[in-house]
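As stored in entry.csv (CSV, C-alpha atoms):
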chain,number,residue,atom,x,y,z
A,13,MET,CA,-155.8,17.5,200.7
A,14,ILE,CA,-153.9,20.6,201.7
A,15,ARG,CA,-155.2,24.0,200.7
A,16,ALA,CA,-152.7,26.7,200.1
A,17,HIS,CA,-153.3,30.3,199.0
A,18,GLN,CA,-152.3,33.9,199.4
A,19,PRO,CA,-155.0,36.5,200.2
A,20,GLY,CA,-156.7,37.5,197.1
A,21,SER,CA,-155.5,34.6,195.0
A,22,GLN,CA,-157.3,31.5,193.9
A,23,PRO,CA,-156.6,28.7,196.4
A,24,ILE,CA,-154.7,25.7,195.0
A,25,ASP,CA,-155.2,22.1,196.2
A,26,ILE,CA,-152.0,20.2,197.0
A,27,PRO,CA,-152.5,16.5,197.1
A,28,GLU,CA,-151.0,14.6,200.0
A,29,VAL,CA,-150.4,11.5,198.0
A,30,ILE,CA,-149.5,11.2,194.3
A,31,PRO,CA,-148.3,8.2,192.3
A,32,ASN,CA,-144.6,8.2,191.7
A,33,PRO,CA,-144.3,8.7,187.9
A,34,ALA,CA,-140.9,6.9,187.8
A,35,ALA,CA,-142.1,3.7,189.6
A,36,VAL,CA,-143.4,1.1,187.1
A,37,PRO,CA,-146.1,-1.0,188.6
A,38,LYS,CA,-145.0,-4.6,188.9
A,39,ARG,CA,-147.2,-7.1,187.0
A,40,GLU,CA,-147.4,-10.7,187.9
A,41,PRO,CA,-146.7,-12.8,184.9
A,42,ALA,CA,-150.1,-13.9,183.6
A,43,PRO,CA,-150.4,-17.4,182.1
A,44,LYS,CA,-150.0,-17.2,178.4
A,45,GLU,CA,-152.5,-18.9,176.1
A,46,PRO,CA,-150.7,-21.0,173.4
A,47,ALA,CA,-150.4,-19.0,170.2
A,48,PRO,CA,-152.7,-20.2,167.4
A,49,LYS,CA,-150.9,-22.3,164.9
A,50,GLU,CA,-150.3,-20.7,161.6
A,51,PRO,CA,-151.6,-22.7,158.7
A,52,VAL,CA,-148.9,-24.7,157.0
A,53,LYS,CA,-148.3,-23.4,153.5
A,54,VAL,CA,-147.9,-26.3,151.1
A,55,PRO,CA,-147.5,-25.5,147.4
A,56,GLU,CA,-150.4,-26.9,145.5
A,57,LYS,CA,-149.6,-29.7,143.2
A,58,VAL,CA,-150.1,-28.9,139.6
A,59,PRO,CA,-151.7,-31.8,137.6
A,60,ALA,CA,-149.4,-33.2,135.0
A,61,GLY,CA,-151.7,-32.1,132.2
A,62,TYR,CA,-151.6,-28.4,133.1
A,63,ARG,CA,-149.2,-25.8,131.6
A,64,ARG,CA,-148.9,-22.1,132.1
A,65,VAL,CA,-149.9,-20.0,129.2
A,66,SER,CA,-148.1,-16.8,128.9
A,67,GLY,CA,-150.1,-13.6,128.8
A,68,THR,CA,-152.9,-15.1,130.9
A,69,CYS,CA,-153.3,-15.2,134.6
A,70,GLY,CA,-154.5,-18.7,134.9
A,71,LEU,CA,-153.7,-22.1,133.7
A,72,GLN,CA,-155.0,-23.7,130.6
A,73,ILE,CA,-155.6,-27.3,130.0
A,74,THR,CA,-153.9,-28.8,127.0
A,75,GLU,CA,-154.4,-32.0,125.3
B,34,MET,CA,-142.5,-6.2,221.2
B,35,SER,CA,-144.4,-9.4,221.5
B,36,TYR,CA,-146.0,-11.1,218.5
B,37,GLY,CA,-149.7,-11.1,218.9
B,38,CYS,CA,-150.0,-14.6,217.7
B,39,LYS,CA,-148.2,-17.7,216.4
B,40,LEU,CA,-147.8,-17.8,212.7
B,41,GLU,CA,-149.1,-21.4,212.6
B,42,ASP,CA,-152.3,-20.4,214.4
B,43,LEU,CA,-152.8,-17.4,212.2
B,44,LEU,CA,-152.2,-19.4,209.0
B,45,ALA,CA,-154.6,-22.1,210.2
B,46,ILE,CA,-157.4,-19.5,210.5
B,47,LEU,CA,-156.5,-17.7,207.3
B,48,HIS,CA,-156.5,-21.1,205.5
B,49,ASP,CA,-160.3,-21.1,205.7
B,50,ARG,CA,-160.6,-18.3,203.1
B,51,ALA,CA,-157.2,-18.3,201.4
B,52,PRO,CA,-156.0,-21.9,201.4
B,53,ALA,CA,-153.5,-21.7,198.5
B,54,LYS,CA,-151.8,-18.5,199.8
B,55,ALA,CA,-151.8,-19.7,203.4
B,56,ASP,CA,-150.2,-23.0,202.3
B,57,ALA,CA,-147.6,-21.0,200.3
B,58,VAL,CA,-146.7,-18.9,203.3
B,59,ALA,CA,-146.4,-22.0,205.5
B,60,LEU,CA,-144.1,-23.5,203.0
B,61,ASP,CA,-142.0,-20.4,202.6
B,62,ARG,CA,-142.0,-19.2,206.2
B,63,ARG,CA,-138.4,-19.8,206.9
B,64,ARG,CA,-137.0,-19.6,203.4
B,65,VAL,CA,-134.5,-16.8,203.0
B,66,GLU,CA,-134.2,-15.5,199.4
B,67,HIS,CA,-130.9,-14.5,198.0
B,68,GLY,CA,-129.5,-13.8,201.5
B,69,LEU,CA,-132.0,-11.0,202.0
B,70,LEU,CA,-133.3,-10.3,205.5
B,71,SER,CA,-136.4,-11.7,207.1
B,72,VAL,CA,-139.4,-9.5,207.2
B,73,GLY,CA,-141.7,-8.6,210.1
B,74,LEU,CA,-144.9,-6.6,209.7
B,75,LYS,CA,-147.1,-4.5,211.9
B,76,ILE,CA,-150.5,-3.4,210.7
B,77,HIS,CA,-151.9,-0.2,212.3
B,78,PHE,CA,-155.6,0.3,211.7
B,79,LEU,CA,-156.5,4.0,211.9
B,80,GLY,CA,-160.3,3.4,211.8
B,81,TYR,CA,-162.6,1.6,214.1
B,82,GLY,CA,-161.1,-1.7,213.2
B,83,SER,CA,-164.3,-3.8,213.1
B,84,GLN,CA,-163.0,-5.6,210.0
B,85,PHE,CA,-160.4,-7.2,212.1
B,86,PHE,CA,-162.6,-8.2,215.1
B,87,SER,CA,-163.5,-11.6,213.7
B,88,LEU,CA,-159.8,-12.5,213.1
B,89,VAL,CA,-158.7,-11.2,216.5
B,90,GLU,CA,-161.5,-13.2,218.2
B,91,ARG,CA,-160.4,-16.4,216.5
B,92,LEU,CA,-156.8,-15.8,217.5
B,93,GLY,CA,-157.8,-15.6,221.1
B,94,GLY,CA,-159.3,-12.2,221.7
B,95,ALA,CA,-158.0,-8.7,222.0
B,96,SER,CA,-156.4,-9.3,225.4
B,97,LYS,CA,-154.2,-12.0,224.0
B,98,VAL,CA,-153.6,-10.6,220.5
B,99,LEU,CA,-153.7,-6.8,220.8
B,100,GLU,CA,-153.3,-5.7,224.4
B,101,ILE,CA,-150.1,-7.7,224.8
B,102,ASN,CA,-148.4,-4.7,223.2
B,103,MET,CA,-148.8,-1.1,224.2
B,104,TYR,CA,-147.2,-0.1,220.9
B,105,LYS,CA,-149.3,1.3,218.1
B,106,HIS,CA,-149.7,4.4,215.9
B,107,SER,CA,-151.1,7.2,218.0
B,108,GLN,CA,-154.3,7.4,215.9
B,109,ALA,CA,-154.7,3.6,215.5
B,110,SER,CA,-157.5,1.7,217.2
B,111,LEU,CA,-155.5,-1.5,216.9
B,112,CYS,CA,-152.1,-2.8,215.8
B,113,LEU,CA,-151.7,-6.3,214.7
B,114,VAL,CA,-148.1,-7.6,215.2
B,115,LEU,CA,-147.3,-10.4,212.8
B,116,PRO,CA,-144.4,-12.8,213.3
B,117,PRO,CA,-141.6,-12.5,210.8
B,118,VAL,CA,-141.2,-14.6,207.7
B,119,GLY,CA,-138.2,-15.4,205.7
B,120,ASN,CA,-138.7,-13.3,202.6
B,121,ALA,CA,-140.6,-10.3,201.3
B,122,HIS,CA,-142.7,-12.4,199.0
B,123,ALA,CA,-144.1,-14.5,201.9
B,124,ALA,CA,-144.7,-11.3,203.8
B,125,ILE,CA,-146.8,-9.9,200.9
B,126,LEU,CA,-148.7,-13.2,200.6
B,127,LEU,CA,-149.4,-13.1,204.4
B,128,LEU,CA,-151.0,-9.7,204.0
B,129,GLU,CA,-153.0,-10.9,201.0
B,130,CYS,CA,-154.3,-13.8,203.1
B,131,ILE,CA,-155.5,-11.3,205.7
B,132,GLU,CA,-157.1,-9.2,203.0
B,133,HIS,CA,-159.0,-12.3,201.8
B,134,PHE,CA,-160.0,-13.2,205.3
B,135,THR,CA,-161.2,-9.7,206.3
B,136,GLY,CA,-162.4,-8.6,202.9
B,137,TYR,CA,-160.6,-5.4,203.5
B,138,PRO,CA,-157.7,-4.0,201.4
B,139,LEU,CA,-154.5,-3.5,203.2
B,140,PHE,CA,-152.3,-2.2,200.4
B,141,GLY,CA,-152.6,1.5,199.4
B,142,ASN,CA,-155.3,2.0,202.1
B,143,ARG,CA,-155.2,5.4,203.8
B,144,LYS,CA,-156.7,3.8,206.9
B,145,ILE,CA,-154.0,1.2,207.2
B,146,GLN,CA,-150.4,1.9,208.1
B,147,ILE,CA,-147.9,-0.8,207.3
B,148,GLN,CA,-144.8,-1.0,209.4
B,149,VAL,CA,-142.0,-3.1,207.9
B,150,CYS,CA,-139.5,-4.5,210.4
B,151,SER,CA,-136.0,-5.6,209.6
B,152,PRO,CA,-133.7,-7.5,212.0
B,153,GLY,CA,-130.6,-5.6,213.1
B,154,ARG,CA,-130.0,-1.9,213.7
B,155,VAL,CA,-128.1,0.5,211.5
B,156,ASP,CA,-126.5,3.8,212.6
B,157,ALA,CA,-128.1,7.2,212.2
B,158,ARG,CA,-126.5,7.8,208.8
B,159,ARG,CA,-127.6,4.5,207.4
B,160,ALA,CA,-131.1,5.0,208.9
B,161,ALA,CA,-131.2,8.2,206.9
B,162,LEU,CA,-130.3,6.3,203.7
B,163,LEU,CA,-132.9,3.7,204.5
B,164,ALA,CA,-135.7,6.3,204.9
B,165,ILE,CA,-134.6,8.4,201.9
B,166,GLY,CA,-134.2,5.3,199.7
B,167,PHE,CA,-137.7,4.0,200.7
B,168,TYR,CA,-139.3,7.4,200.1
B,169,LEU,CA,-137.7,8.0,196.6
B,170,GLY,CA,-138.3,4.4,195.5
B,171,SER,CA,-141.9,4.1,196.6
B,172,ASP,CA,-144.7,3.9,194.0
B,173,THR,CA,-146.5,6.6,196.0
B,174,LEU,CA,-145.1,10.0,196.9
B,175,ARG,CA,-146.5,11.2,200.2
B,176,ARG,CA,-146.7,14.5,202.1
B,177,TYR,CA,-146.5,14.1,205.9
B,178,ALA,CA,-147.6,16.0,208.9
B,179,LEU,CA,-145.4,15.4,211.9
B,180,GLY,CA,-148.3,13.8,213.8
B,181,ASP,CA,-148.6,11.1,211.1
B,182,LEU,CA,-145.5,9.5,212.5
B,183,GLU,CA,-146.5,9.6,216.2
B,184,THR,CA,-146.7,6.3,217.9
B,185,THR,CA,-147.3,5.3,221.5
B,186,ALA,CA,-143.5,4.9,221.8
B,187,SER,CA,-142.7,8.4,220.5
B,188,LYS,CA,-142.7,10.0,223.9
B,189,GLY,CA,-142.3,9.1,227.6
B,190,ALA,CA,-139.3,8.3,229.6
B,191,ARG,CA,-139.1,4.6,228.5
B,192,TYR,CA,-138.7,4.5,224.8
B,193,GLN,CA,-138.6,8.0,223.3
B,194,ARG,CA,-138.5,6.9,219.7
B,195,GLY,CA,-139.7,10.3,218.5
B,196,GLN,CA,-141.8,10.9,215.4
B,197,ARG,CA,-139.7,9.4,212.6
B,198,LEU,CA,-140.0,7.2,209.6
B,199,VAL,CA,-137.4,4.9,211.0
B,200,ILE,CA,-137.6,3.7,214.6
B,201,TYR,CA,-135.6,1.2,216.5
B,202,ASP,CA,-137.2,-1.7,218.3
B,203,ALA,CA,-138.4,-1.5,221.8
B,204,GLY,CA,-137.1,-4.9,223.0
B,205,GLY,CA,-139.4,-7.9,223.3
B,206,ASP,CA,-139.5,-11.0,221.1
B,207,PHE,CA,-136.8,-11.5,218.5
B,208,ASP,CA,-136.9,-14.4,216.2
B,209,ARG,CA,-133.3,-15.3,215.2
B,210,GLY,CA,-134.3,-18.4,213.3
B,211,PHE,CA,-133.5,-17.1,209.8
B,212,GLU,CA,-130.5,-17.8,207.6
B,213,TRP,CA,-127.8,-15.1,207.5
B,214,TRP,CA,-125.2,-14.9,204.8
B,215,ALA,CA,-121.9,-14.1,206.5
B,216,ALA,CA,-118.7,-13.0,204.7
B,217,ASP,CA,-115.7,-15.2,204.9
B,218,GLY,CA,-113.3,-13.1,203.0
B,219,GLU,CA,-114.7,-13.1,199.5
B,220,ARG,CA,-116.7,-16.3,200.2
B,221,ARG,CA,-120.1,-16.8,201.5
B,222,ARG,CA,-120.8,-18.7,204.7
B,223,ILE,CA,-124.4,-19.5,205.6
B,224,LEU,CA,-125.3,-19.2,209.3
B,225,ARG,CA,-128.5,-20.9,210.3
B,226,ARG,CA,-129.4,-18.1,212.7
B,227,LEU,CA,-129.1,-14.3,212.6
B,228,PRO,CA,-125.9,-13.1,214.2
B,229,PHE,CA,-127.5,-10.5,216.5
B,230,GLU,CA,-129.5,-11.4,219.5
B,231,ASP,CA,-132.0,-8.6,219.2
B,232,GLY,CA,-132.4,-5.2,217.6
B,233,ARG,CA,-134.6,-4.1,214.7
B,234,CYS,CA,-135.0,-1.2,212.3
B,235,ASP,CA,-138.7,-0.5,211.6
B,236,LEU,CA,-140.0,1.7,208.8
B,237,LEU,CA,-143.4,3.3,209.0
B,238,THR,CA,-144.5,3.3,205.4
B,239,GLY,CA,-147.9,4.9,205.9
B,240,SER,CA,-150.3,3.4,203.3
B,241,GLY,CA,-147.8,1.0,202.0
B,242,SER,CA,-147.6,-1.2,198.9
B,243,ARG,CA,-146.1,-4.5,197.8
B,244,LEU,CA,-143.2,-2.6,196.2
B,245,ASP,CA,-142.5,-0.8,199.4
B,246,ILE,CA,-142.1,-4.1,201.3
B,247,GLU,CA,-139.7,-5.4,198.6
B,248,ASN,CA,-137.7,-2.2,198.4
B,249,ILE,CA,-137.3,-1.9,202.2
B,250,ASN,CA,-136.2,-5.5,202.4
B,251,LEU,CA,-133.5,-4.8,199.8
B,252,LEU,CA,-132.4,-1.5,201.3
B,253,ALA,CA,-132.3,-2.8,204.8
B,254,THR,CA,-130.4,-5.9,203.8
B,255,LEU,CA,-127.7,-3.9,202.1
B,256,LEU,CA,-127.3,-1.4,204.9
B,257,ILE,CA,-127.5,-3.9,207.7
B,258,HIS,CA,-125.0,-6.1,206.0
B,259,VAL,CA,-122.6,-3.2,206.0
B,260,GLU,CA,-123.3,-2.5,209.6
B,261,HIS,CA,-122.7,-6.2,210.6
B,262,GLN,CA,-120.1,-7.2,208.0
B,263,GLY,CA,-122.4,-9.6,206.2
B,264,TYR,CA,-121.8,-11.1,202.8
B,265,TRP,CA,-123.6,-8.2,201.1
B,266,SER,CA,-121.5,-5.6,202.8
B,267,LYS,CA,-119.3,-4.9,199.8
B,268,LEU,CA,-122.4,-4.3,197.6
B,269,GLY,CA,-123.9,-2.3,200.5
B,270,VAL,CA,-121.0,0.1,200.7
B,271,GLN,CA,-121.2,0.6,196.9
B,272,PHE,CA,-124.9,1.3,197.3
B,273,GLU,CA,-124.3,3.8,200.0
B,274,GLU,CA,-121.8,5.6,197.8
B,275,ASP,CA,-124.2,5.6,194.9
B,276,LEU,CA,-127.2,6.9,196.9
B,277,GLN,CA,-125.0,9.6,198.5
B,278,SER,CA,-123.8,10.6,195.1
B,279,LEU,CA,-127.3,10.8,193.8
B,280,LEU,CA,-128.3,13.0,196.7
B,281,ASP,CA,-125.3,15.1,196.1
B,282,GLN,CA,-126.2,15.7,192.4
B,283,HIS,CA,-129.6,16.9,193.5
B,284,LEU,CA,-128.2,19.2,196.2
B,285,LEU,CA,-129.7,17.0,198.9
B,286,ALA,CA,-126.5,15.5,200.4
B,287,GLY,CA,-127.0,17.4,203.7
B,288,LEU,CA,-130.3,15.6,204.4
B,289,VAL,CA,-128.4,12.6,205.8
B,290,ASN,CA,-127.1,14.6,208.6
B,291,ALA,CA,-130.5,15.1,210.0
B,292,PRO,CA,-131.7,12.8,212.8
B,293,TRP,CA,-133.8,10.3,210.7
B,294,VAL,CA,-133.8,7.9,213.7
B,295,ARG,CA,-133.9,8.6,217.4
B,296,THR,CA,-130.8,7.1,218.9
B,297,ASP,CA,-129.3,7.2,222.4
B,298,ASP,CA,-127.5,10.4,221.3
B,299,ALA,CA,-129.3,13.4,222.8
B,300,GLU,CA,-128.6,15.4,219.6
B,301,SER,CA,-131.0,13.1,217.7
B,302,ALA,CA,-133.9,14.1,219.9
B,303,ASP,CA,-135.1,17.0,217.8
B,304,ASP,CA,-138.2,15.8,215.8
B,305,MET,CA,-138.4,19.2,214.0
B,306,GLN,CA,-134.9,18.8,212.7
B,307,PHE,CA,-135.8,15.5,211.1
B,308,PHE,CA,-139.1,16.8,209.9
B,309,SER,CA,-137.4,19.8,208.1
B,310,ALA,CA,-135.2,17.4,206.3
B,311,LEU,CA,-138.2,15.2,205.3
B,312,GLN,CA,-140.1,18.3,204.1
B,313,GLU,CA,-137.1,19.3,201.9
B,314,LEU,CA,-137.1,15.8,200.4
B,315,VAL,CA,-140.8,15.9,199.9
B,316,ALA,CA,-140.7,19.3,198.3
B,317,CYS,CA,-138.0,18.3,195.9
B,318,VAL,CA,-139.8,15.2,194.6
B,319,PHE,CA,-143.2,16.9,194.4
B,320,GLU,CA,-141.6,19.6,192.4
B,321,GLU,CA,-140.1,17.0,190.1
B,322,SER,CA,-143.2,14.9,189.7
B,323,VAL,CA,-146.0,17.4,189.6
B,324,ARG,CA,-146.1,19.0,186.2
B,325,VAL,CA,-146.9,22.6,185.9
B,326,LYS,CA,-150.3,23.0,184.4
B,327,LYS,CA,-150.5,26.1,182.5
B,328,LYS,CA,-153.3,27.5,180.4
B,329,SER,CA,-152.1,28.4,177.0
B,330,GLY,CA,-152.4,32.2,176.3
B,331,ILE,CA,-154.1,31.6,173.0
B,332,LEU,CA,-156.1,28.4,173.4
B,333,PHE,CA,-157.7,28.6,176.7
B,334,SER,CA,-159.3,25.2,176.4
B,335,ARG,CA,-155.9,23.4,176.2
B,336,TRP,CA,-153.6,22.6,179.0
B,337,HIS,CA,-149.9,22.2,178.6
B,338,GLU,CA,-147.8,20.1,180.9
B,339,ILE,CA,-144.3,21.4,181.4
B,340,PRO,CA,-141.8,19.2,183.3
B,341,ALA,CA,-140.6,20.8,186.4
B,342,ARG,CA,-137.1,19.6,185.7
B,343,SER,CA,-135.5,18.8,182.4
B,344,SER,CA,-133.0,16.2,183.7
B,345,ARG,CA,-133.9,12.5,184.0
B,346,GLY,CA,-134.6,13.3,187.7
B,347,ILE,CA,-134.0,11.8,191.1
B,348,LEU,CA,-137.0,9.6,191.0
B,349,HIS,CA,-136.0,7.7,187.9
B,350,GLU,CA,-132.4,7.5,189.1
B,351,MET,CA,-133.6,6.0,192.3
B,352,GLN,CA,-135.6,3.4,190.4
B,353,SER,CA,-132.5,2.6,188.4
B,354,LEU,CA,-130.4,2.3,191.5
B,355,LEU,CA,-132.9,-0.2,193.1
B,356,LYS,CA,-133.1,-2.2,189.9
B,357,LYS,CA,-129.3,-2.3,189.6
B,358,TYR,CA,-128.8,-3.6,193.1
B,359,ARG,CA,-131.7,-6.0,193.0
B,360,THR,CA,-130.3,-7.5,189.8
B,361,GLU,CA,-126.8,-7.7,191.3
B,362,VAL,CA,-128.1,-9.5,194.4
B,363,VAL,CA,-130.0,-12.0,192.3
B,364,ARG,CA,-127.1,-12.5,189.9
B,365,GLN,CA,-124.5,-13.2,192.6
B,366,SER,CA,-127.0,-15.4,194.5
B,367,CYS,CA,-127.6,-17.4,191.3
B,368,LEU,CA,-123.9,-17.9,190.9
B,369,HIS,CA,-123.9,-19.6,194.2
B,370,ASP,CA,-126.8,-21.8,193.3
B,371,LYS,CA,-125.0,-22.9,190.2
B,372,GLY,CA,-122.0,-23.8,192.3
B,373,GLY,CA,-119.8,-20.9,190.9
B,374,ARG,CA,-118.8,-19.6,194.3
B,375,THR,CA,-119.7,-20.5,197.8

Give the structure from the file, written as C-alpha cells.
Amino acid sequence: MIRAHQPGSQPIDIPEVIPNPAAVPKREPAPKEPAPKEPVKVPEKVPAGYRRVSGTCGLQITE
Amino acid sequence: MSYGCKLEDLLAILHDRAPAKADAVALDRRRVEHGLLSVGLKIHFLGYGSQFFSLVERLGGASKVLEINMYKHSQASLCLVLPPVGNAHAAILLLECIEHFTGYPLFGNRKIQIQVCSPGRVDARRAALLAIGFYLGSDTLRRYALGDLETTASKGARYQRGQRLVIYDAGGDFDRGFEWWAADGERRRILRRLPFEDGRCDLLTGSGSRLDIENINLLATLLIHVEHQGYWSKLGVQFEEDLQSLLDQHLLAGLVNAPWVRTDDAESADDMQFFSALQELVACVFEESVRVKKKSGILFSRWHEIPARSSRGILHEMQSLLKKYRTEVVRQSCLHDKGGRT
C-alpha cells in the first residue's frame, strides 16, 4: 500500500494491486446435472357417460 | 539457464499428491495446441521458502535443483526452474500439481513471482508490445517499484538484463523439441522442432494468474511468429497494428519507443527510461479503473462512483483484442484439423 498526501491534507491510500475490472474471470465448465424431467401432460379421458353442462364449471353425469 | 530437474522426475514426485493432474501433464507434455509456443516457468519465492524444501529435497537437494542456477529475483530465497511444456494448459496444470504437493498457493500470491518463458527472441519494439499487452490484459493491475523487477542478472558485466518486465534469456539449456508451425506461402508446414537453436523472451509477471500464462502464450506466439516468419506471422502483424492503434487512441503510442527490454544496443540500458514508460501506463489504467469516490453534498452517508473515463476504455478494448485473436487462432487451427487447409 502506498500512502500519498500533501501537507495538511488527509492521506490517501493507493493500492498496489487491484483487480482489472475488464477481465472476466474464466470459469471451468462445471459438470451439469441432468435437468429434471417435466411431467408429461396427457389430456384426461372423459368417460363416455359424461357431458359438459353449460353454465357450470364441472361435469355432470347424465343417464 | 539450466532446468533444475527433469520433468519426468518432478511429475513422479508430484504424482503422490496430485495423481490425475500429474498424469495429464505427462500426457500433454509435448503437445502443442493450435501452433502456440511451448511454455517454460520459473517460480521465484520471495519468502523463506520452507514450503518448497520437501519438494527440493526429493528432487535431489538444493545443490542439484537450485544452486545450479545463479539466476533468481533479487529478493527471492529460491527460484525453481521448470522444464518447458507444450502448451499453456499443461503449464497451469504443472503449477497446480506443485500447489497440491506443497499445500501453498502459487497463483495470485504476493510471495510468489511467476516468470513465463517463451522460446525465441523478439526485437525491442515487439518486446514493448508483449509487456504492454500482458499488463493491459492481466486480471490484476499492478503498481511497481523499480526494485520489484531486479534479478541477479540485472547488473554485472556478464548479463546486464536490467530491471525490466521482459528479459532475454541468459543462455543455458534450450529444449527445441516442440512443434513449430512454419509458413509455406499461405499454407502451414509443421516442423517437429523449433526453428531457432536458442533464445527466449521471459516475462516477470509478479504475482501471476492462469490468465496471465494464457495471455503471454498467445501474445508471445503472435509476436515471435512475426519475428521468425512463422505461420501466425500474418495474424501477428495484424495484431501489432491493432495494439499500436489502441495505444494511439489512448495517447500512449510513444510508450513503445521506451526500452522495454535490455538489448545489446547501449541506448536500451536506461532502466529509468523504461520505468517512466511503465509508470505512465500504470497511471493511465489506474485512472481508468479506479472510480472516483465522492461524498454526495447532500447525503453524506452515500457514496457515488463516477467513472474516470466515459469511453469503453483501454482495458475493455485490450480484452476484446485478446479474445479476437484467440478466437481467430483457434478457428484457423480447427480448419486445419478438419482438413480445410494444411

Excluding same-chain residues fewer than 4 positions from Leu227 (chain B), what lies within 10 Å of it counting all atoms listed in the file, as an MDAnalysis selection string?
-> chainID B and resid 70:71 152:153 208:215 223 231

For Leu169 (chain B), please output as number ranges by chain all residues within 12 Å (counting only C-alpha atoms; exclusion window: fewer than 5 positions along the same chain).
-> A: 31-35; B: 162-164, 174-175, 244-245, 248-249, 252, 276, 279-280, 311, 314-319, 321-322, 346-355

Between B:Gly241, B:Gly287, B:Gly170, B:Gly263, which has the minimum distance to chain A (counting all atoms listed in the file)?
->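 So, comparing all the options, the nearest one is B:Gly170.
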
Find the distance between CA of Ser171 (chain B) and CA of Val149 (chain B) and write it in Å to one decimal.
-> 13.4 Å

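The neighbours of Ala55 (chain B) here are the residues that come within 10 Å of it, using all atoms listed in the file and leaving out any residue fewer than 3 positions away in the same chain; they are Glu41, Leu43, Leu44, Ala45, Ile46, Leu47, His48, Asp49, Arg50, Ala51, Pro52, Val58, Ala59, Leu60, Asp61, Ala123, Leu126, Leu127, Glu129, Cys130 and Ile131 of chain B.
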
At most 9 Å from (-121.6, 0.4, 206.3), file frame, all atoms listed in the file: which residues, as a list in words?
->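 Residues with an atom close enough to that point: Val155, Asp156, Arg159, Leu255, Leu256, Ile257, His258, Val259, Glu260, His261, Gln262, Ser266, Lys267, Gly269, Val270 and Glu273 of chain B.
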
What separation in Å, quoted to one decimal, exists between CA of Arg176 (chain B) and CA of Leu198 (chain B)?
->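 Interatomic distance, CA of Arg176 (chain B) to CA of Leu198 (chain B): 12.4 Å.
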
Leaving out Ala160 (chain B) and any residue of its chain fewer than 6 positions from it, which residues lie within 12 Å of it when counting all atoms listed in the file, given as a PyMOL selection string?
-> chain B and resi 151+153-154+166-167+197-201+233-236+249+252-253+255-257+260+273+288-296+301+307

Output C-alpha atoms for every residue in the selection just made, as an mmCIF file, keeping the file's coordinate frame.
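Saved file out_22.cif follows:
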data_model
loop_
_atom_site.group_PDB
_atom_site.id
_atom_site.type_symbol
_atom_site.label_atom_id
_atom_site.label_comp_id
_atom_site.auth_asym_id
_atom_site.auth_seq_id
_atom_site.Cartn_x
_atom_site.Cartn_y
_atom_site.Cartn_z
ATOM 1 C CA SER B 151 -136.000 -5.600 209.600
ATOM 2 C CA GLY B 153 -130.600 -5.600 213.100
ATOM 3 C CA ARG B 154 -130.000 -1.900 213.700
ATOM 4 C CA GLY B 166 -134.200 5.300 199.700
ATOM 5 C CA PHE B 167 -137.700 4.000 200.700
ATOM 6 C CA ARG B 197 -139.700 9.400 212.600
ATOM 7 C CA LEU B 198 -140.000 7.200 209.600
ATOM 8 C CA VAL B 199 -137.400 4.900 211.000
ATOM 9 C CA ILE B 200 -137.600 3.700 214.600
ATOM 10 C CA TYR B 201 -135.600 1.200 216.500
ATOM 11 C CA ARG B 233 -134.600 -4.100 214.700
ATOM 12 C CA CYS B 234 -135.000 -1.200 212.300
ATOM 13 C CA ASP B 235 -138.700 -0.500 211.600
ATOM 14 C CA LEU B 236 -140.000 1.700 208.800
ATOM 15 C CA ILE B 249 -137.300 -1.900 202.200
ATOM 16 C CA LEU B 252 -132.400 -1.500 201.300
ATOM 17 C CA ALA B 253 -132.300 -2.800 204.800
ATOM 18 C CA LEU B 255 -127.700 -3.900 202.100
ATOM 19 C CA LEU B 256 -127.300 -1.400 204.900
ATOM 20 C CA ILE B 257 -127.500 -3.900 207.700
ATOM 21 C CA GLU B 260 -123.300 -2.500 209.600
ATOM 22 C CA GLU B 273 -124.300 3.800 200.000
ATOM 23 C CA LEU B 288 -130.300 15.600 204.400
ATOM 24 C CA VAL B 289 -128.400 12.600 205.800
ATOM 25 C CA ASN B 290 -127.100 14.600 208.600
ATOM 26 C CA ALA B 291 -130.500 15.100 210.000
ATOM 27 C CA PRO B 292 -131.700 12.800 212.800
ATOM 28 C CA TRP B 293 -133.800 10.300 210.700
ATOM 29 C CA VAL B 294 -133.800 7.900 213.700
ATOM 30 C CA ARG B 295 -133.900 8.600 217.400
ATOM 31 C CA THR B 296 -130.800 7.100 218.900
ATOM 32 C CA SER B 301 -131.000 13.100 217.700
ATOM 33 C CA PHE B 307 -135.800 15.500 211.100
#
